[in-house]
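Working notes, structure below.
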Amino acid sequence: MHPASPRQPPGSNCRCYTHVCAEILTRTGTPAKITSDRFEVAPASDWRPVVPDQPGGRIRATPVMAAGLLARAGQVRFPLPGGDAFTHRLIDRHLAAMEAAGATLSVTASHVEARLPVPGAVPFAVDVMTQKWGPSLGATVTAMLLAARARGASTILNPNSEPEVLATAALLAAGGVDIRWQGATALHITGTDRVTGGTVDIPPDRLEATTLALACAITGGAVHLSNVPVATFPAALVTMLGDCGIELVPQDDGTLARSPGGPRPVQTATVSARCSDVQPQLTAYLTQAPGTSRIEERIYTARDSHVAPLRAFGAAVTSDGSAITVHGPSPLTAARVAGEDIRAIAALVIAALAAEGTSTVQGVYHLQRGYDNLLSKLATMGAELEVIQE
């Protein structure tokens, strides 16, 4: 990476995912604000149970926030969620949870309306396992919010147990909701008429940390990830990164990510549920590994929107169904590329950092949906970046 000299600070004029959520909460009657590293929500005095099309149609969490409104106001109207364009992603498990809680649904091509009978959500059981992608993280949280207000004991079958779910469970438990895990098979929740306030620490973002590690490693650098312990990274991801030549070493209050021997090819890297969101970034990194790498995408088998733009940089990368093959090392040269989903854009930024010359990556606003000022952090670490508003 080179010394940073951005004419416009990377990340300026950004509205990240968290700010969009705060706007939705505030506009639907629940005052929310972000101050420094705190997200604060005050109790609502009057609910407006209609999620605005903008910003509701921009993010994947819209059904989750709608479930909270439904549980409190007894009704909600919300747009179908936005998010990444690399594949069609259903919200059927979210809707199944709402129906199981007693809601009557009306679904159109663009919106969902849900209404609970008086006095509100009923105890229920729902399975949040998807047909293709394993336990749904979002639908697990949707069901948790509904169950927290149901008068009785509810059961969520095959719940997702990723850190975001555990943090949600901790916040609800701090507010007086009885939550009991039955291994990986079920989550039992007994609701309450009144969820009190509470404070919970948000876990570090393992996807952002991995993206930063790959960005540094592809340029021959290393990075200390403060307040991100090695335990933040799923075991499967630690193994995959290790196979590719990246070490994650505990250091001080976080993790030192380094690649002392440089990128290594992997004969077959199988991408599981907890690694899919770093597959595009990993593909970009492997363009610099000497040899042939093969990546098997088991979750989103159509996740290859980054492949063609990487070829524009000069990378020897192809996709065939769910398999991506990378021949390296490839000398990357500057290119003008575009992407339509957050992880593809992250992969293109990583490739641009390693490419000779100045590249233009269009669509970086996607990064703002899921990363906390990623470009500013890269600039702080030495990347030469400039954000141009078009």
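Here, A, B, ... name the chains of the structure tokens in the order displayed, residue numbers run from 1 inside each chain, and ligands are numbered from 1 in the same displayed order.
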
Shell of 6 Å around Pro135 in chain A, only C-alpha atoms, local chain residues under 4 positions omitted, as a list in words = Val128, Met129, Thr130, Pro159 and Asn160 of chain A

Which residues are near Val228 in chain A? Cut-off 9 Å, only C-alpha atoms, ignore same chain within fewer than 6 positions. Put them as a PDB file with C-alpha atoms, in the first residue's frame.
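Listed below is the output, selection.pdb:
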ATOM      1  CA  PRO A 203     -19.169  -8.535  18.728  1.00  0.00           C
ATOM      2  CA  PRO A 204     -16.387  -7.581  16.317  1.00  0.00           C
ATOM      3  CA  ASP A 205     -17.222  -7.903  12.616  1.00  0.00           C
ATOM      4  CA  ARG A 206     -15.290 -10.968  11.469  1.00  0.00           C
ATOM      5  CA  ALA A 209     -11.576  -8.038   9.892  1.00  0.00           C
ATOM      6  CA  ASP A 253      -5.881  -7.054  22.705  1.00  0.00           C
ATOM      7  CA  GLY A 254      -6.494  -8.437  19.229  1.00  0.00           C
ATOM      8  CA  THR A 255      -5.080 -10.365  16.306  1.00  0.00           C
TER       9      THR A 255
END

From the DSSP assignment of the backbone, select every residue of range 78-258 of chain A that is strand (DSSP E), and format the answer as an NGL selection string.
-> :A and (78-79 or 104-107 or 111-115 or 125-127 or 153-157 or 178-182 or 186-190 or 223-225 or 247-251 or 254-258)

Let me see the file: selected residues, N, CA and C atoms, as a compact mmCIF listing (two decimals), in the first residue's frame.
# COMPACT_ATOMS: atom_id res chain seq x y z
N PHE A 78 -44.20 -3.34 5.07
CA PHE A 78 -42.79 -3.09 4.76
C PHE A 78 -42.47 -3.53 3.33
N PRO A 79 -41.48 -2.87 2.71
CA PRO A 79 -41.08 -3.25 1.36
C PRO A 79 -40.24 -4.52 1.39
N THR A 104 -51.69 -12.54 10.07
CA THR A 104 -52.27 -12.71 8.75
C THR A 104 -51.46 -11.87 7.77
N LEU A 105 -51.02 -12.48 6.67
CA LEU A 105 -50.11 -11.82 5.75
C LEU A 105 -50.80 -11.53 4.42
N SER A 106 -50.40 -10.42 3.83
CA SER A 106 -50.77 -10.08 2.46
C SER A 106 -49.48 -9.72 1.75
N VAL A 107 -49.10 -10.51 0.75
CA VAL A 107 -47.81 -10.34 0.08
C VAL A 107 -48.03 -9.99 -1.38
N HIS A 111 -44.36 -5.50 -1.59
CA HIS A 111 -44.56 -5.21 -0.18
C HIS A 111 -45.17 -6.39 0.56
N VAL A 112 -45.06 -6.33 1.87
CA VAL A 112 -45.71 -7.30 2.76
C VAL A 112 -46.49 -6.52 3.81
N GLU A 113 -47.72 -6.94 4.05
CA GLU A 113 -48.51 -6.41 5.15
C GLU A 113 -48.82 -7.56 6.10
N ALA A 114 -48.63 -7.31 7.38
CA ALA A 114 -48.88 -8.34 8.39
C ALA A 114 -49.70 -7.73 9.52
N ARG A 115 -50.61 -8.52 10.05
CA ARG A 115 -51.47 -8.04 11.14
C ARG A 115 -51.68 -9.17 12.13
N ALA A 125 -44.05 -22.26 17.29
CA ALA A 125 -42.84 -23.01 16.92
C ALA A 125 -42.61 -22.78 15.43
N VAL A 126 -41.37 -22.56 15.06
CA VAL A 126 -41.05 -22.33 13.66
C VAL A 126 -39.65 -22.86 13.38
N ASP A 127 -39.47 -23.41 12.18
CA ASP A 127 -38.18 -23.92 11.73
C ASP A 127 -37.56 -22.88 10.80
N ALA A 153 -44.40 -19.76 25.94
CA ALA A 153 -43.12 -20.30 25.50
C ALA A 153 -43.17 -20.61 24.01
N SER A 154 -42.17 -20.13 23.27
CA SER A 154 -42.04 -20.39 21.84
C SER A 154 -40.75 -21.15 21.59
N THR A 155 -40.70 -21.83 20.44
CA THR A 155 -39.52 -22.63 20.10
C THR A 155 -39.09 -22.31 18.67
N ILE A 156 -37.82 -22.00 18.52
CA ILE A 156 -37.23 -21.79 17.20
C ILE A 156 -36.36 -23.01 16.90
N LEU A 157 -36.74 -23.75 15.88
CA LEU A 157 -36.01 -24.96 15.51
C LEU A 157 -34.88 -24.62 14.56
N ASP A 178 -36.78 -14.70 28.89
CA ASP A 178 -36.19 -15.99 29.25
C ASP A 178 -35.79 -16.72 27.97
N ILE A 179 -34.48 -16.96 27.81
CA ILE A 179 -33.95 -17.58 26.60
C ILE A 179 -33.10 -18.78 26.99
N ARG A 180 -33.41 -19.92 26.39
CA ARG A 180 -32.68 -21.16 26.69
C ARG A 180 -32.32 -21.86 25.39
N TRP A 181 -31.03 -22.19 25.23
CA TRP A 181 -30.55 -22.90 24.05
C TRP A 181 -30.59 -24.40 24.29
N GLN A 182 -31.05 -25.12 23.31
CA GLN A 182 -31.02 -26.59 23.34
C GLN A 182 -30.03 -27.05 22.27
N ALA A 186 -32.53 -26.28 18.92
CA ALA A 186 -33.70 -25.47 19.27
C ALA A 186 -33.31 -24.32 20.19
N LEU A 187 -34.11 -23.28 20.11
CA LEU A 187 -33.99 -22.12 20.99
C LEU A 187 -35.35 -21.88 21.60
N HIS A 188 -35.43 -21.93 22.92
CA HIS A 188 -36.70 -21.78 23.63
C HIS A 188 -36.76 -20.37 24.25
N ILE A 189 -37.85 -19.67 23.97
CA ILE A 189 -38.00 -18.30 24.45
C ILE A 189 -39.37 -18.15 25.10
N THR A 190 -39.37 -17.63 26.31
CA THR A 190 -40.62 -17.30 26.99
C THR A 190 -40.76 -15.78 27.00
N VAL A 223 -1.35 -6.53 9.49
CA VAL A 223 -2.20 -5.59 10.20
C VAL A 223 -2.54 -6.15 11.58
N HIS A 224 -2.51 -5.25 12.57
CA HIS A 224 -2.98 -5.62 13.90
C HIS A 224 -4.43 -5.19 14.01
N LEU A 225 -5.31 -6.14 14.26
CA LEU A 225 -6.74 -5.90 14.36
C LEU A 225 -7.09 -5.73 15.84
N GLU A 247 -1.62 -16.11 8.49
CA GLU A 247 -1.61 -16.50 9.89
C GLU A 247 -2.40 -15.47 10.71
N LEU A 248 -3.18 -15.97 11.66
CA LEU A 248 -3.88 -15.13 12.62
C LEU A 248 -3.28 -15.42 13.99
N VAL A 249 -2.53 -14.45 14.53
CA VAL A 249 -1.76 -14.67 15.75
C VAL A 249 -2.29 -13.75 16.86
N PRO A 250 -2.61 -14.32 18.04
CA PRO A 250 -3.04 -13.45 19.14
C PRO A 250 -1.94 -12.45 19.49
N GLN A 251 -2.33 -11.19 19.64
CA GLN A 251 -1.36 -10.16 19.99
C GLN A 251 -2.07 -9.05 20.74
N GLY A 254 -5.86 -8.06 20.49
CA GLY A 254 -6.49 -8.44 19.23
C GLY A 254 -5.74 -9.52 18.49
N THR A 255 -5.66 -9.35 17.18
CA THR A 255 -5.08 -10.37 16.31
C THR A 255 -4.11 -9.71 15.33
N LEU A 256 -2.94 -10.32 15.16
CA LEU A 256 -2.01 -9.92 14.11
C LEU A 256 -2.25 -10.83 12.91
N ALA A 257 -2.64 -10.24 11.80
CA ALA A 257 -2.85 -10.98 10.56
C ALA A 257 -1.66 -10.74 9.65
N ARG A 258 -1.00 -11.80 9.24
CA ARG A 258 0.19 -11.67 8.42
C ARG A 258 0.32 -12.87 7.47

With 7 Å as the cut-off and only C-alpha atoms counted, what is the closest atom pair between each nearby residue of range 219-287 of chain A and range 334-351 of chain A? Distances in Å to one decimal, ordered by chain and number, as JSON lines.
{"residue": "A:Asp277", "atom": "CA", "partner": "A:Arg343", "partner_atom": "CA", "distance": 6.5}
{"residue": "A:Val278", "atom": "CA", "partner": "A:Arg343", "partner_atom": "CA", "distance": 7.0}
{"residue": "A:Pro280", "atom": "CA", "partner": "A:Ala347", "partner_atom": "CA", "distance": 5.4}
{"residue": "A:Gln281", "atom": "CA", "partner": "A:Ala347", "partner_atom": "CA", "distance": 4.1}
{"residue": "A:Ala284", "atom": "CA", "partner": "A:Ala347", "partner_atom": "CA", "distance": 5.6}

Would you mind exporting the chosen residues as a CSV table (one decimal), in the first residue's frame, restricted to N, CA and C atoms?
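Dumped everything to result.csv:
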chain,number,residue,atom,x,y,z
A,277,ASP,N,-19.2,-15.2,2.8
A,277,ASP,CA,-19.1,-13.8,2.7
A,277,ASP,C,-17.7,-13.3,2.6
A,278,VAL,N,-16.7,-14.2,2.6
A,278,VAL,CA,-15.3,-13.8,2.3
A,278,VAL,C,-14.8,-14.5,1.0
A,280,PRO,N,-15.4,-14.0,-2.3
A,280,PRO,CA,-14.9,-13.1,-3.3
A,280,PRO,C,-13.6,-12.4,-3.0
A,281,GLN,N,-13.4,-12.0,-1.7
A,281,GLN,CA,-12.2,-11.3,-1.3
A,281,GLN,C,-11.0,-12.4,-1.4
A,284,ALA,N,-9.9,-12.8,-4.9
A,284,ALA,CA,-8.9,-11.8,-5.3
A,284,ALA,C,-7.5,-12.0,-4.8

Shell around Asp53 in chain A at 9 Å using only C-alpha atoms, local window under 2 positions removed, as a PDB file with N, CA and C atoms, in the first residue's frame:
ATOM      1  N   VAL A  50     -45.280   1.524   9.423  1.00  0.00           N
ATOM      2  CA  VAL A  50     -45.057   1.448   7.980  1.00  0.00           C
ATOM      3  C   VAL A  50     -43.585   1.739   7.725  1.00  0.00           C
ATOM      4  N   VAL A  51     -42.835   0.728   7.303  1.00  0.00           N
ATOM      5  CA  VAL A  51     -41.420   0.920   7.001  1.00  0.00           C
ATOM      6  C   VAL A  51     -41.314   1.647   5.660  1.00  0.00           C
ATOM      7  N   PRO A  55     -35.696   4.128   3.471  1.00  0.00           N
ATOM      8  CA  PRO A  55     -34.584   3.239   3.205  1.00  0.00           C
ATOM      9  C   PRO A  55     -34.879   1.750   3.337  1.00  0.00           C
ATOM     10  N   GLY A  56     -36.146   1.378   3.594  1.00  0.00           N
ATOM     11  CA  GLY A  56     -36.447  -0.034   3.856  1.00  0.00           C
ATOM     12  C   GLY A  56     -36.057  -0.971   2.729  1.00  0.00           C
ATOM     13  N   GLY A  57     -36.119  -0.491   1.487  1.00  0.00           N
ATOM     14  CA  GLY A  57     -35.788  -1.350   0.360  1.00  0.00           C
ATOM     15  C   GLY A  57     -34.317  -1.467   0.074  1.00  0.00           C
ATOM     16  N   ARG A  58     -33.471  -0.878   0.929  1.00  0.00           N
ATOM     17  CA  ARG A  58     -32.036  -0.869   0.670  1.00  0.00           C
ATOM     18  C   ARG A  58     -31.278  -1.967   1.394  1.00  0.00           C
ATOM     19  N   PHE A  78     -44.195  -3.337   5.072  1.00  0.00           N
ATOM     20  CA  PHE A  78     -42.792  -3.095   4.761  1.00  0.00           C
ATOM     21  C   PHE A  78     -42.474  -3.530   3.334  1.00  0.00           C
ATOM     22  N   PRO A  79     -41.484  -2.868   2.709  1.00  0.00           N
ATOM     23  CA  PRO A  79     -41.085  -3.254   1.357  1.00  0.00           C
ATOM     24  C   PRO A  79     -40.242  -4.521   1.388  1.00  0.00           C
ATOM     25  N   LEU A  80     -40.212  -5.230   0.278  1.00  0.00           N
ATOM     26  CA  LEU A  80     -39.296  -6.361   0.193  1.00  0.00           C
ATOM     27  C   LEU A  80     -37.875  -5.830   0.332  1.00  0.00           C
ATOM     28  N   HIS A 111     -44.356  -5.504  -1.590  1.00  0.00           N
ATOM     29  CA  HIS A 111     -44.565  -5.212  -0.177  1.00  0.00           C
ATOM     30  C   HIS A 111     -45.174  -6.393   0.563  1.00  0.00           C
TER      31      HIS A 111
END

Show which residues sit within 7 Å of Pro43 in chain A, as a PyMOL selection string. Count only C-alpha atoms, and ignore same-chain residues fewer than 2 positions away.
-> chain A and resi 30+41+45

Non-local contacts of Ala150 in chain A (6 Å; only C-alpha atoms; under 4 positions in same chain excluded) as a ChimeraX atom specification = /A:121-123,191

With C-alpha atoms retained, could you export that selection as a tab-separated table (two decimals), in the first residue's frame?
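Contents of the output file result.tsv:
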chain	number	residue	atom	x	y	z
A	121	ALA	CA	-48.35	-12.59	19.11
A	122	VAL	CA	-49.17	-16.08	20.30
A	123	PRO	CA	-46.60	-18.68	21.41
A	191	GLY	CA	-42.00	-13.87	26.20

Taking into account only C-alpha atoms, which residue in the set A:Ala289, A:Ala66, A:Leu385, A:Ala143 is nearest to Asp243 in chain A?
->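 For Asp243 in chain A, the nearest of the candidates is A:Ala289.
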
Determine the nearest neighbour of Gln75 in chain A from the options A:Leu25, A:Ile59, A:Leu116, A:Ala97, counting only C-alpha atoms.
-> A:Leu116

Would you mind telling me which residue in A:Thr232, A:Ser359, A:Thr192, A:Asn227 lies nearest to Glu162 in chain A when using only C-alpha atoms?
->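 Nearest candidate to Glu162 in chain A out of A:Thr232, A:Ser359, A:Thr192, A:Asn227: A:Thr232.
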
Leaving out Ile202 in chain A and any residue of its chain fewer than 5 positions from it, which residues lie within 12 Å of it when counting only C-alpha atoms, given as an MDAnalysis selection string?
-> chainID A and resid 37:39 163:171 227:228 232

I need the chosen residues saved as a PDB file, in the first residue's frame, with N, CA and C atoms.
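Heads up, here's the output in result-v3.pdb:
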ATOM      1  N   ASP A  37     -19.333   5.248  19.450  1.00  0.00           N
ATOM      2  CA  ASP A  37     -19.447   3.803  19.247  1.00  0.00           C
ATOM      3  C   ASP A  37     -20.672   3.225  19.949  1.00  0.00           C
ATOM      4  N   ARG A  38     -21.666   4.050  20.195  1.00  0.00           N
ATOM      5  CA  ARG A  38     -22.884   3.605  20.873  1.00  0.00           C
ATOM      6  C   ARG A  38     -24.093   3.768  19.964  1.00  0.00           C
ATOM      7  N   PHE A  39     -24.948   2.753  19.981  1.00  0.00           N
ATOM      8  CA  PHE A  39     -26.239   2.794  19.289  1.00  0.00           C
ATOM      9  C   PHE A  39     -27.295   2.797  20.379  1.00  0.00           C
ATOM     10  N   PRO A 163     -22.479 -14.957  15.873  1.00  0.00           N
ATOM     11  CA  PRO A 163     -22.316 -13.964  16.944  1.00  0.00           C
ATOM     12  C   PRO A 163     -23.426 -12.920  17.007  1.00  0.00           C
ATOM     13  N   GLU A 164     -23.951 -12.513  15.852  1.00  0.00           N
ATOM     14  CA  GLU A 164     -25.014 -11.510  15.868  1.00  0.00           C
ATOM     15  C   GLU A 164     -26.266 -12.024  16.561  1.00  0.00           C
ATOM     16  N   VAL A 165     -26.562 -13.309  16.384  1.00  0.00           N
ATOM     17  CA  VAL A 165     -27.715 -13.921  17.052  1.00  0.00           C
ATOM     18  C   VAL A 165     -27.468 -13.996  18.559  1.00  0.00           C
ATOM     19  N   LEU A 166     -26.263 -14.402  18.929  1.00  0.00           N
ATOM     20  CA  LEU A 166     -25.936 -14.504  20.356  1.00  0.00           C
ATOM     21  C   LEU A 166     -26.010 -13.139  21.030  1.00  0.00           C
ATOM     22  N   ALA A 167     -25.572 -12.084  20.328  1.00  0.00           N
ATOM     23  CA  ALA A 167     -25.647 -10.742  20.900  1.00  0.00           C
ATOM     24  C   ALA A 167     -27.095 -10.308  21.078  1.00  0.00           C
ATOM     25  N   THR A 168     -27.946 -10.640  20.107  1.00  0.00           N
ATOM     26  CA  THR A 168     -29.373 -10.322  20.225  1.00  0.00           C
ATOM     27  C   THR A 168     -29.987 -11.053  21.407  1.00  0.00           C
ATOM     28  N   ALA A 169     -29.627 -12.329  21.554  1.00  0.00           N
ATOM     29  CA  ALA A 169     -30.130 -13.112  22.679  1.00  0.00           C
ATOM     30  C   ALA A 169     -29.684 -12.499  24.005  1.00  0.00           C
ATOM     31  N   ALA A 170     -28.438 -12.038  24.064  1.00  0.00           N
ATOM     32  CA  ALA A 170     -27.926 -11.435  25.294  1.00  0.00           C
ATOM     33  C   ALA A 170     -28.679 -10.155  25.633  1.00  0.00           C
ATOM     34  N   LEU A 171     -28.995  -9.336  24.623  1.00  0.00           N
ATOM     35  CA  LEU A 171     -29.723  -8.091  24.871  1.00  0.00           C
ATOM     36  C   LEU A 171     -31.146  -8.379  25.347  1.00  0.00           C
ATOM     37  N   ASN A 227      -8.871  -5.192  19.317  1.00  0.00           N
ATOM     38  CA  ASN A 227     -10.150  -5.621  19.901  1.00  0.00           C
ATOM     39  C   ASN A 227     -10.856  -6.675  19.067  1.00  0.00           C
ATOM     40  N   VAL A 228     -10.099  -7.402  18.250  1.00  0.00           N
ATOM     41  CA  VAL A 228     -10.659  -8.503  17.463  1.00  0.00           C
ATOM     42  C   VAL A 228      -9.866  -9.764  17.813  1.00  0.00           C
ATOM     43  N   THR A 232     -12.806 -14.533  17.387  1.00  0.00           N
ATOM     44  CA  THR A 232     -13.837 -13.907  16.557  1.00  0.00           C
ATOM     45  C   THR A 232     -14.026 -14.664  15.242  1.00  0.00           C
TER      46      THR A 232
END

Using only C-alpha atoms, the residue out of A:Thr219, A:Thr18, A:Ser110, A:Gln288 with shortest distance to Gln368 in chain A is A:Thr18

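Using only C-alpha atoms, the shortest contact distance between Val307 in chain A and any of A:Glu356, A:Glu40, A:Asp320, A:Asp252 is found at A:Asp320.
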
With distances taken over only C-alpha atoms, which of A:Ile295, A:Ile34, A:Ala217, A:Cys244 is nearest to Ser319 in chain A?
-> A:Ile295

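For the pair CA of Pro117 in chain A and CA of Val141 in chain A, the separation is 21.4 Å.
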
Quick one: pull the distance between CA of Gly321 in chain A and CA of Lys132 in chain A, Å, one decimal.
-> 15.1 Å
